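Peer 1: Got a structure for you, coords_39.cif, holding mmCIF, C-alpha atoms.
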data_work
loop_
_atom_site.group_PDB
_atom_site.id
_atom_site.type_symbol
_atom_site.label_atom_id
_atom_site.label_comp_id
_atom_site.auth_asym_id
_atom_site.auth_seq_id
_atom_site.Cartn_x
_atom_site.Cartn_y
_atom_site.Cartn_z
ATOM 1 C CA MET A 1 103.721 131.741 103.834
ATOM 2 C CA GLY A 2 100.905 133.215 101.793
ATOM 3 C CA THR A 3 97.304 133.930 102.702
ATOM 4 C CA GLN A 4 96.447 130.222 102.787
ATOM 5 C CA PRO A 5 98.662 127.178 103.342
ATOM 6 C CA ARG A 6 100.041 125.123 100.469
ATOM 7 C CA VAL A 7 99.834 121.341 100.754
ATOM 8 C CA THR A 8 101.460 118.703 98.576
ATOM 9 C CA VAL A 9 99.872 115.236 98.696
ATOM 10 C CA TYR A 10 101.849 112.230 97.500
ATOM 11 C CA TRP A 11 99.646 109.183 97.002
ATOM 12 C CA TYR A 12 99.484 105.729 95.465
ATOM 13 C CA SER A 13 96.371 103.565 95.222
ATOM 14 C CA GLN A 14 95.649 100.382 93.284
ATOM 15 C CA THR A 15 91.963 100.262 94.140
ATOM 16 C CA GLY A 16 91.022 103.925 94.464
ATOM 17 C CA GLN A 17 90.209 103.522 98.164
ATOM 18 C CA LEU A 18 93.124 105.639 99.344
ATOM 19 C CA LEU A 19 92.247 108.471 96.965
ATOM 20 C CA GLU A 20 88.723 108.496 98.447
ATOM 21 C CA SER A 21 90.269 109.013 101.875
ATOM 22 C CA VAL A 22 92.640 111.689 100.597
ATOM 23 C CA SER A 23 89.747 113.569 99.008
ATOM 24 C CA ALA A 24 87.665 113.319 102.188
ATOM 25 C CA VAL A 25 90.380 115.220 104.056
ATOM 26 C CA THR A 26 91.505 117.644 101.365
ATOM 27 C CA ASP A 27 88.157 118.651 99.821
ATOM 28 C CA PRO A 28 87.274 120.847 102.843
ATOM 29 C CA LEU A 29 90.744 122.387 102.665
ATOM 30 C CA GLU A 30 90.322 123.237 98.983
ATOM 31 C CA LYS A 31 86.887 124.677 99.695
ATOM 32 C CA ALA A 32 88.482 126.932 102.334
ATOM 33 C CA GLY A 33 91.032 128.166 99.810
ATOM 34 C CA TRP A 34 94.040 126.036 100.683
ATOM 35 C CA ASP A 35 96.364 125.351 97.756
ATOM 36 C CA ILE A 36 96.321 121.549 97.312
ATOM 37 C CA ARG A 37 98.711 119.831 94.894
ATOM 38 C CA LYS A 38 98.263 116.076 94.420
ATOM 39 C CA VAL A 39 101.094 113.965 93.013
ATOM 40 C CA GLU A 40 100.212 110.417 91.984
ATOM 41 C CA ILE A 41 102.991 107.897 92.558
ATOM 42 C CA GLY A 42 103.070 104.628 90.658
ATOM 43 C CA PRO A 43 105.451 101.777 89.855
ATOM 44 C CA ARG A 44 107.063 102.004 86.436
ATOM 45 C CA GLU A 45 105.902 98.409 85.897
ATOM 46 C CA PRO A 46 102.357 98.329 87.334
ATOM 47 C CA PHE A 47 101.375 95.696 89.857
ATOM 48 C CA PRO A 48 98.350 93.638 88.777
ATOM 49 C CA PHE A 49 94.870 94.220 90.120
ATOM 50 C CA PRO A 50 93.070 92.064 90.949
ATOM 51 C CA TRP A 51 96.077 90.081 92.107
ATOM 52 C CA PRO A 52 96.771 86.559 90.850
ATOM 53 C CA VAL A 53 97.180 84.433 93.971
ATOM 54 C CA ARG A 54 100.826 83.511 93.358
ATOM 55 C CA ARG A 55 101.773 87.113 92.593
ATOM 56 C CA PHE A 56 99.876 88.345 95.655
ATOM 57 C CA PHE A 57 101.948 86.181 97.994
ATOM 58 C CA GLY A 58 105.038 86.496 95.803
ATOM 59 C CA VAL A 59 105.307 90.233 96.498
ATOM 60 C CA PHE A 60 105.559 89.591 100.242
ATOM 61 C CA PRO A 61 109.383 89.335 100.516
ATOM 62 C CA ALA A 62 109.913 92.684 98.770
ATOM 63 C CA SER A 63 107.116 94.339 100.757
ATOM 64 C CA VAL A 64 108.793 93.627 104.099
ATOM 65 C CA ASP A 65 112.304 94.386 102.840
ATOM 66 C CA PRO A 66 113.396 97.847 104.070
ATOM 67 C CA ASP A 67 115.405 98.146 100.859
ATOM 68 C CA GLY A 68 112.562 96.976 98.624
ATOM 69 C CA ALA A 69 111.897 99.830 96.212
ATOM 70 C CA PRO A 70 110.735 99.511 92.580
ATOM 71 C CA GLU A 71 111.315 102.225 90.010
ATOM 72 C CA ILE A 72 108.488 104.734 90.171
ATOM 73 C CA THR A 73 106.774 107.482 88.228
ATOM 74 C CA ALA A 74 105.244 110.705 89.553
ATOM 75 C CA ARG A 75 102.402 112.629 87.892
ATOM 76 C CA PRO A 76 103.011 115.558 87.894
ATOM 77 C CA PRO A 77 106.742 115.225 88.537
ATOM 78 C CA VAL A 78 108.055 115.967 92.012
ATOM 79 C CA ALA A 79 108.835 119.674 91.981
ATOM 80 C CA GLU A 80 112.451 120.713 92.431
ATOM 81 C CA ASP A 81 111.390 123.882 94.249
ATOM 82 C CA ASP A 82 108.209 122.741 95.988
ATOM 83 C CA ASP A 83 107.227 125.427 98.497
ATOM 84 C CA ALA A 84 104.600 123.385 100.352
ATOM 85 C CA ASP A 85 103.881 124.356 103.949
ATOM 86 C CA LEU A 86 102.675 120.821 104.686
ATOM 87 C CA VAL A 87 103.171 117.418 103.032
ATOM 88 C CA VAL A 88 100.653 114.567 103.168
ATOM 89 C CA PHE A 89 102.165 111.118 102.625
ATOM 90 C CA ALA A 90 99.216 108.880 101.669
ATOM 91 C CA PHE A 91 100.000 105.175 101.625
ATOM 92 C CA PRO A 92 98.272 101.788 101.467
ATOM 93 C CA VAL A 93 99.526 98.906 103.602
ATOM 94 C CA TRP A 94 101.088 95.784 102.087
ATOM 95 C CA TYR A 95 101.955 93.047 104.552
ATOM 96 C CA LEU A 96 102.053 95.491 107.481
ATOM 97 C CA ALA A 97 104.435 97.782 105.590
ATOM 98 C CA PRO A 98 103.938 100.877 103.413
ATOM 99 C CA ALA A 99 103.183 99.892 99.820
ATOM 100 C CA LEU A 100 106.340 99.518 97.753
ATOM 101 C CA PRO A 101 105.869 102.573 95.488
ATOM 102 C CA MET A 102 105.479 104.896 98.476
ATOM 103 C CA ARG A 103 108.546 103.499 100.205
ATOM 104 C CA ALA A 104 110.437 103.977 96.930
ATOM 105 C CA LEU A 105 109.315 107.620 96.731
ATOM 106 C CA VAL A 106 111.155 108.604 99.902
ATOM 107 C CA GLY A 107 114.365 106.983 98.722
ATOM 108 C CA ALA A 108 114.123 108.461 95.228
ATOM 109 C CA GLU A 109 112.981 111.974 96.228
ATOM 110 C CA PRO A 110 114.187 112.727 99.769
ATOM 111 C CA LYS A 111 114.178 116.459 98.963
ATOM 112 C CA ALA A 112 110.369 116.305 98.886
ATOM 113 C CA PHE A 113 110.427 115.723 102.649
ATOM 114 C CA ASP A 114 113.626 117.385 103.836
ATOM 115 C CA GLY A 115 112.739 120.196 106.230
ATOM 116 C CA ARG A 116 108.992 119.582 105.785
ATOM 117 C CA ALA A 117 106.195 118.886 108.215
ATOM 118 C CA VAL A 118 104.594 115.599 107.125
ATOM 119 C CA VAL A 119 101.281 113.959 107.954
ATOM 120 C CA GLY A 120 100.793 110.277 107.142
ATOM 121 C CA LEU A 121 97.417 109.209 105.754
ATOM 122 C CA VAL A 122 96.588 105.520 105.498
ATOM 123 C CA ALA A 123 93.541 103.579 104.347
ATOM 124 C CA CYS A 124 93.547 99.844 104.934
ATOM 125 C CA ARG A 125 91.723 96.847 106.353
ATOM 126 C CA ASN A 126 92.561 97.479 110.026
ATOM 127 C CA MET A 127 96.278 96.944 110.725
ATOM 128 C CA TRP A 128 98.275 100.078 109.898
ATOM 129 C CA TYR A 129 100.504 100.383 112.945
ATOM 130 C CA SER A 130 103.799 98.819 111.803
ATOM 131 C CA ALA A 131 103.473 100.595 108.461
ATOM 132 C CA ALA A 132 103.061 103.974 110.165
ATOM 133 C CA VAL A 133 106.123 103.330 112.329
ATOM 134 C CA GLU A 134 108.166 102.575 109.204
ATOM 135 C CA VAL A 135 106.819 105.646 107.385
ATOM 136 C CA ARG A 136 107.877 107.880 110.276
ATOM 137 C CA GLN A 137 111.364 106.360 110.192
ATOM 138 C CA LEU A 138 111.596 106.951 106.436
ATOM 139 C CA ILE A 139 110.422 110.554 106.717
ATOM 140 C CA GLN A 140 112.832 111.307 109.549
ATOM 141 C CA ALA A 141 115.726 109.741 107.633
ATOM 142 C CA ALA A 142 114.884 112.093 104.742
ATOM 143 C CA GLY A 143 115.008 115.108 107.064
ATOM 144 C CA GLY A 144 111.273 115.586 107.573
ATOM 145 C CA ARG A 145 109.209 116.098 110.731
ATOM 146 C CA TYR A 146 106.433 113.535 111.153
ATOM 147 C CA LEU A 147 103.426 115.162 112.822
ATOM 148 C CA GLY A 148 101.172 112.129 113.122
ATOM 149 C CA THR A 149 98.907 109.737 111.269
ATOM 150 C CA ILE A 150 95.395 109.897 109.869
ATOM 151 C CA ALA A 151 94.032 106.346 109.652
ATOM 152 C CA ALA A 152 90.875 105.122 107.919
ATOM 153 C CA VAL A 153 89.952 101.454 108.307
ATOM 154 C CA ASP A 154 87.276 98.937 107.413
ATOM 155 C CA THR A 155 85.120 98.958 110.550
ATOM 156 C CA ALA A 156 83.568 95.504 110.046
ATOM 157 C CA SER A 157 84.755 92.676 112.297
ATOM 158 C CA ALA A 158 88.184 91.124 111.736
ATOM 159 C CA GLY A 159 86.669 87.852 110.534
ATOM 160 C CA VAL A 160 84.412 89.576 108.035
ATOM 161 C CA THR A 161 87.132 91.858 106.683
ATOM 162 C CA PHE A 162 89.475 88.896 106.233
ATOM 163 C CA VAL A 163 86.962 87.473 103.728
ATOM 164 C CA THR A 164 85.869 90.709 102.069
ATOM 165 C CA THR A 165 89.395 92.075 101.655
ATOM 166 C CA LEU A 166 90.672 88.892 99.993
ATOM 167 C CA ARG A 167 87.557 88.820 97.797
ATOM 168 C CA TRP A 168 88.354 92.352 96.662
ATOM 169 C CA LEU A 169 92.104 91.929 96.174
ATOM 170 C CA LEU A 170 92.040 88.515 94.498
ATOM 171 C CA ALA A 171 88.744 88.675 92.598
ATOM 172 C CA GLY A 172 88.226 92.416 92.188
ATOM 173 C CA LYS A 173 84.790 92.238 93.850
ATOM 174 C CA ARG A 174 84.233 95.019 96.363
ATOM 175 C CA GLU A 175 80.458 95.204 96.573
ATOM 176 C CA ALA A 176 78.354 93.254 99.055
ATOM 177 C CA SER A 177 77.621 89.634 98.135
ATOM 178 C CA TRP A 178 76.867 86.247 99.683
ATOM 179 C CA GLY A 179 75.873 87.876 102.964
ATOM 180 C CA PHE A 180 79.134 89.790 103.309
ATOM 181 C CA PRO A 181 79.224 93.613 103.270
ATOM 182 C CA ARG A 182 81.052 95.896 100.876
ATOM 183 C CA ALA A 183 84.792 95.745 101.389
ATOM 184 C CA GLY A 184 87.018 98.581 102.436
ATOM 185 C CA VAL A 185 86.715 101.959 104.113
ATOM 186 C CA GLY A 186 83.047 102.859 104.437
ATOM 187 C CA MET A 187 81.108 106.109 104.514
ATOM 188 C CA ASP A 188 81.319 106.258 108.305
ATOM 189 C CA GLU A 189 85.093 106.550 108.102
ATOM 190 C CA LEU A 190 85.014 108.936 105.140
ATOM 191 C CA ASP A 191 82.619 111.166 107.059
ATOM 192 C CA ARG A 192 84.993 111.120 110.033
ATOM 193 C CA LEU A 193 87.885 112.137 107.787
ATOM 194 C CA ALA A 194 85.789 114.880 106.180
ATOM 195 C CA LEU A 195 85.033 116.303 109.638
ATOM 196 C CA LEU A 196 88.746 116.237 110.401
ATOM 197 C CA GLY A 197 89.370 118.097 107.134
ATOM 198 C CA GLU A 198 86.843 120.741 108.167
ATOM 199 C CA ARG A 199 88.627 121.240 111.488
ATOM 200 C CA LEU A 200 91.965 121.585 109.699
ATOM 201 C CA ALA A 201 90.420 124.054 107.266
ATOM 202 C CA GLU A 202 89.609 126.338 110.186
ATOM 203 C CA LEU A 203 93.308 126.886 110.837
ATOM 204 C CA ALA A 204 94.158 130.405 109.708
ATOM 205 C CA PRO A 205 97.700 130.883 108.416
ATOM 206 C CA ALA A 206 100.150 131.553 111.203
ATOM 207 C CA GLN A 207 101.616 135.057 110.969
ATOM 208 C CA PRO A 208 103.941 135.451 113.969
ATOM 209 C CA GLU A 209 105.165 138.949 114.772
ATOM 210 C CA LEU A 210 108.859 139.227 113.962
ATOM 211 C CA ALA A 211 111.414 141.958 114.387
ATOM 212 C CA PRO A 212 111.995 144.042 111.232
ATOM 213 C CA GLU A 213 115.437 142.541 110.719
ATOM 214 C CA GLN A 214 113.873 139.069 110.599
ATOM 215 C CA ALA A 215 113.016 138.627 106.967
ATOM 216 C CA GLU A 216 112.498 135.554 104.833
ATOM 217 C CA PRO A 217 113.369 132.732 105.196
ATOM 218 C CA ALA A 218 113.154 133.157 108.990
ATOM 219 C CA SER A 219 109.569 134.435 108.796
ATOM 220 C CA ARG A 220 108.486 131.585 106.555
ATOM 221 C CA ALA A 221 110.144 128.973 108.753
ATOM 222 C CA ALA A 222 108.402 130.365 111.830
ATOM 223 C CA SER A 223 105.039 130.353 110.042
ATOM 224 C CA GLU A 224 105.487 126.764 108.874
ATOM 225 C CA GLU A 225 106.476 125.666 112.375
ATOM 226 C CA ALA A 226 103.411 127.324 113.865
ATOM 227 C CA LEU A 227 101.137 125.705 111.276
ATOM 228 C CA ALA A 228 102.708 122.285 111.909
ATOM 229 C CA ASP A 229 102.099 122.601 115.646
ATOM 230 C CA ARG A 230 98.450 123.511 115.125
ATOM 231 C CA VAL A 231 97.915 120.692 112.619
ATOM 232 C CA ARG A 232 99.303 118.244 115.151
ATOM 233 C CA ASP A 233 96.974 119.690 117.807
ATOM 234 C CA VAL A 234 93.961 119.129 115.526
ATOM 235 C CA LEU A 235 95.013 115.545 114.799
ATOM 236 C CA ALA A 236 95.276 114.902 118.526
ATOM 237 C CA ALA A 237 92.029 116.637 119.459
ATOM 238 C CA HIS A 238 89.975 114.803 116.843
ATOM 239 C CA ASP A 239 91.451 111.315 117.237
ATOM 240 C CA ALA A 240 92.765 111.163 113.688
ATOM 241 C CA ALA A 241 94.109 107.632 114.151
ATOM 242 C CA PRO A 242 91.987 105.615 116.618
ATOM 243 C CA VAL A 243 93.971 102.761 118.152
ATOM 244 C CA ASN A 244 92.678 99.237 118.788
ATOM 245 C CA PRO A 245 95.121 97.823 121.381
ATOM 246 C CA PRO A 246 94.863 94.077 120.575
ATOM 247 C CA LEU A 247 95.124 94.718 116.820
ATOM 248 C CA ALA A 248 97.987 97.142 117.371
ATOM 249 C CA ALA A 249 99.917 94.665 119.502
ATOM 250 C CA ALA A 250 99.325 91.834 117.040
ATOM 251 C CA ASP A 251 100.391 94.098 114.176
ATOM 252 C CA LEU A 252 103.587 95.276 115.878
ATOM 253 C CA LEU A 253 104.585 91.726 116.810
ATOM 254 C CA ALA A 254 103.715 90.294 113.399
ATOM 255 C CA GLY A 255 105.578 93.100 111.651
ATOM 256 C CA LYS A 256 108.827 91.938 113.251
ATOM 257 C CA VAL A 257 108.147 88.296 112.375
ATOM 258 C CA PHE A 258 107.251 89.234 108.788
ATOM 259 C CA ARG A 259 110.662 90.819 108.313
ATOM 260 C CA VAL A 260 112.333 87.587 109.457
ATOM 261 C CA TRP A 261 110.183 85.540 107.087
ATOM 262 C CA GLY A 262 111.009 87.950 104.279
ATOM 263 C CA ARG A 263 114.757 87.549 104.801
ATOM 264 C CA VAL A 264 114.444 83.761 104.851
ATOM 265 C CA ILE A 265 112.410 83.658 101.640
ATOM 266 C CA ARG A 266 114.683 86.118 99.834
ATOM 267 C CA ALA A 267 117.711 84.028 100.819
ATOM 268 C CA ALA A 268 116.097 80.985 99.192
ATOM 269 C CA GLY A 269 116.602 82.353 95.682
ATOM 270 C CA ARG A 270 114.874 84.408 93.035
ATOM 271 C CA ARG A 271 111.145 84.608 92.504
ATOM 272 C CA GLY A 272 109.869 81.484 90.786
ATOM 273 C CA GLU A 273 112.633 79.174 91.975
ATOM 274 C CA VAL A 274 111.386 75.964 93.576
ATOM 275 C CA GLN A 275 112.846 76.492 97.034
ATOM 276 C CA ARG A 276 111.546 80.042 97.280
ATOM 277 C CA THR A 277 108.088 78.980 96.096
ATOM 278 C CA ALA A 278 108.020 76.199 98.684
ATOM 279 C CA LEU A 279 109.035 78.540 101.485
ATOM 280 C CA THR A 280 106.378 81.014 100.415
ATOM 281 C CA GLY A 281 103.828 78.212 100.704
ATOM 282 C CA VAL A 282 105.031 77.445 104.223
ATOM 283 C CA PHE A 283 104.716 81.134 105.074
ATOM 284 C CA VAL A 284 101.110 81.184 103.850
ATOM 285 C CA LEU A 285 100.279 78.197 106.081
ATOM 286 C CA TRP A 286 101.976 79.900 109.039
ATOM 287 C CA LEU A 287 100.122 83.136 108.303
ATOM 288 C CA THR A 288 96.776 81.322 108.282
ATOM 289 C CA GLY A 289 97.523 79.774 111.661
ATOM 290 C CA ALA A 290 98.738 83.076 113.059
ATOM 291 C CA ILE A 291 95.529 84.818 111.988
ATOM 292 C CA LEU A 292 93.347 82.089 113.503
ATOM 293 C CA ALA A 293 95.249 81.745 116.773
ATOM 294 C CA GLY A 294 97.420 84.816 117.183
ATOM 295 C CA LEU A 295 94.837 87.564 117.648
ATOM 296 C CA PRO A 296 92.762 85.578 120.200
ATOM 297 C CA ALA A 297 95.958 84.982 122.178
ATOM 298 C CA VAL A 298 96.736 88.698 122.130
ATOM 299 C CA VAL A 299 93.191 89.482 123.299
ATOM 300 C CA VAL A 300 93.604 87.079 126.231
ATOM 301 C CA ALA A 301 96.957 88.675 127.101
ATOM 302 C CA ARG A 302 95.323 92.099 127.210
ATOM 303 C CA VAL A 303 92.568 90.832 129.518
ATOM 304 C CA LEU A 304 95.199 89.461 131.902
ATOM 305 C CA PHE A 305 97.620 92.386 131.774
ATOM 306 C CA LYS A 306 95.526 95.322 130.578
ATOM 307 C CA ALA A 307 97.327 98.255 132.204
ATOM 308 C CA GLY A 308 100.821 97.173 131.225
ATOM 309 C CA PHE A 309 99.601 95.946 127.828
ATOM 310 C CA ASP A 310 98.005 99.253 126.874
ATOM 311 C CA ALA A 311 100.920 101.264 128.222
ATOM 312 C CA ALA A 312 103.381 99.266 126.116
ATOM 313 C CA VAL A 313 101.271 99.780 122.990
ATOM 314 C CA ALA A 314 100.933 103.503 123.709
ATOM 315 C CA ARG A 315 104.679 103.930 124.157
ATOM 316 C CA ARG A 316 105.341 102.288 120.804
ATOM 317 C CA LEU A 317 102.709 104.271 118.923
ATOM 318 C CA ALA A 318 103.069 107.684 120.558
ATOM 319 C CA PRO A 319 105.574 108.862 117.895
ATOM 320 C CA VAL A 320 103.079 108.184 115.076
ATOM 321 C CA VAL A 321 99.741 109.020 116.747
ATOM 322 C CA ALA A 322 99.382 112.701 117.592
ATOM 323 C CA GLY A 323 98.495 113.317 121.218
ATOM 324 C CA LEU A 324 98.479 109.648 122.216
ATOM 325 C CA THR A 325 98.581 109.568 126.016
ATOM 326 C CA GLU A 326 96.376 106.522 126.478
ATOM 327 C CA VAL A 327 95.032 103.845 124.174
ATOM 328 C CA HIS A 328 91.337 103.789 123.463
ATOM 329 C CA ARG A 329 89.260 100.755 124.258
#
Kindly return the structure encoded in the file as structure tokens.
Peer 2:
Amino acid sequence: MGTQPRVTVYWYSQTGQLLESVSAVTDPLEKAGWDIRKVEIGPREPFPFPWPVRRFFGVFPASVDPDGAPEITARPPVAEDDDADLVVFAFPVWYLAPALPMRALVGAEPKAFDGRAVVGLVACRNMWYSAAVEVRQLIQAAGGRYLGTIAAVDTASAGVTFVTTLRWLLAGKREASWGFPRAGVGMDELDRLALLGERLAELAPAQPELAPEQAEPASRAASEEALADRVRDVLAAHDAAPVNPPLAAADLLAGKVFRVWGRVIRAAGRRGEVQRTALTGVFVLWLTGAILAGLPAVVVARVLFKAGFDAAVARRLAPVVAGLTEVHR
């Protein structure tokens, strides 16, 4: 490893929100002299934005399909001989799963992650938990080591963000209006990510002392391992992915149900066929009811069984949240 670490960031963003979060973390690293390489991932056939309502719900079955993966482009192309010391996998969340182009990236370019230390970075409304679990599974299947997640969320209440997020996605209106605040990740979260970036930037390159006969690649591997361990320590120490237990539990439960719904809708035929369209409509009605009734029920369950509830959530999320030993209130 050279005098400063090299980082490759793979990212996809329809709205620009995720790139704001990426920059909040990586700008302090660049200022400190880290070598940052950003690779923009996109679908070969772009998804619309703002989304037409039918297309917005129509993409659901593919989003929750583990094999759903459109053809993608990468700018600049994924390097054949990328020598990054750390990889950042920056992804939006679609229907509690990583956005389709980012899932496709791992399948199309597993060499980008094989043998690498990987940090997930997500920016979304508030439910990123199932998506992070899937991302870790994808990275591990490609041969990578998942260090943990950095999560930036919209900090307004769940009811408010339900309105503002749909207003943004379906109408393209992000700014405050009609008494509702601006949608998306706010400056409070970007400032938190920037502080995390500053703490990461303080990590000097690891230069372990090795016996003379231990030359490259052993020296490089040891340096990368040491850097990965210290990055994970920083993520843990600075609460890179704060956990909301009721939201996490609702997300993890709904993620499983979404996959069942996705299989049922896909089995009904191709997109646009009458039966599939009808089933999608039923799903939307179910989703509305689940949002209105499901989260309150989960909140009540946590009140009744708090210790066991939080422990179960922590066990599920520990592999994707660095240093998670207890769940924050």
Peer 1: Hey, can you check how far CA of Trp51 (chain A) sits from CA of Ala183 (chain A)?
Peer 2: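 These atoms are spaced 15.7 Å apart.
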Peer 1: Take CA of Val87 (chain A) and CA of Glu224 (chain A) and report the distance between them in Å, one decimal.
Peer 2: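 The value is 11.3 Å.
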Peer 1: I need the residue nearest Gly172 (chain A) from this list: A:Pro5, A:Pro50, A:Gly255, A:Arg37. Use all atoms listed in the file for the distance.
Peer 2: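 Closest residue, counting all atoms listed in the file: A:Pro50.
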Peer 1: Pull out every residue that the PyMOL selection byres ((chain A and resi 323) around 6) matches in the shown coordinates and put them as number ranges by chain.
Peer 2: A: 236, 322, 324
Peer 1: With the file shown as input, list the residues that the PyMOL selection byres ((chain A and resi 325) around 12) selects, as a ChimeraX atom specification.
Peer 2: /A:236-237,239,243,310-324,326-328
Peer 1: Create the file for the chosen residues now, containing C-alpha atoms and written as a short mmCIF file (atom, residue, chain, number, x, y, z; two decimals), in the coordinates of the input.
Peer 2:
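Result went into result12.cif, see below:
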data_model
loop_
_atom_site.label_atom_id
_atom_site.label_comp_id
_atom_site.auth_asym_id
_atom_site.auth_seq_id
_atom_site.Cartn_x
_atom_site.Cartn_y
_atom_site.Cartn_z
CA ALA A 236 95.28 114.90 118.53
CA ALA A 237 92.03 116.64 119.46
CA ASP A 239 91.45 111.32 117.24
CA VAL A 243 93.97 102.76 118.15
CA ASP A 310 98.00 99.25 126.87
CA ALA A 311 100.92 101.26 128.22
CA ALA A 312 103.38 99.27 126.12
CA VAL A 313 101.27 99.78 122.99
CA ALA A 314 100.93 103.50 123.71
CA ARG A 315 104.68 103.93 124.16
CA ARG A 316 105.34 102.29 120.80
CA LEU A 317 102.71 104.27 118.92
CA ALA A 318 103.07 107.68 120.56
CA PRO A 319 105.57 108.86 117.90
CA VAL A 320 103.08 108.18 115.08
CA VAL A 321 99.74 109.02 116.75
CA ALA A 322 99.38 112.70 117.59
CA GLY A 323 98.50 113.32 121.22
CA LEU A 324 98.48 109.65 122.22
CA GLU A 326 96.38 106.52 126.48
CA VAL A 327 95.03 103.84 124.17
CA HIS A 328 91.34 103.79 123.46
#
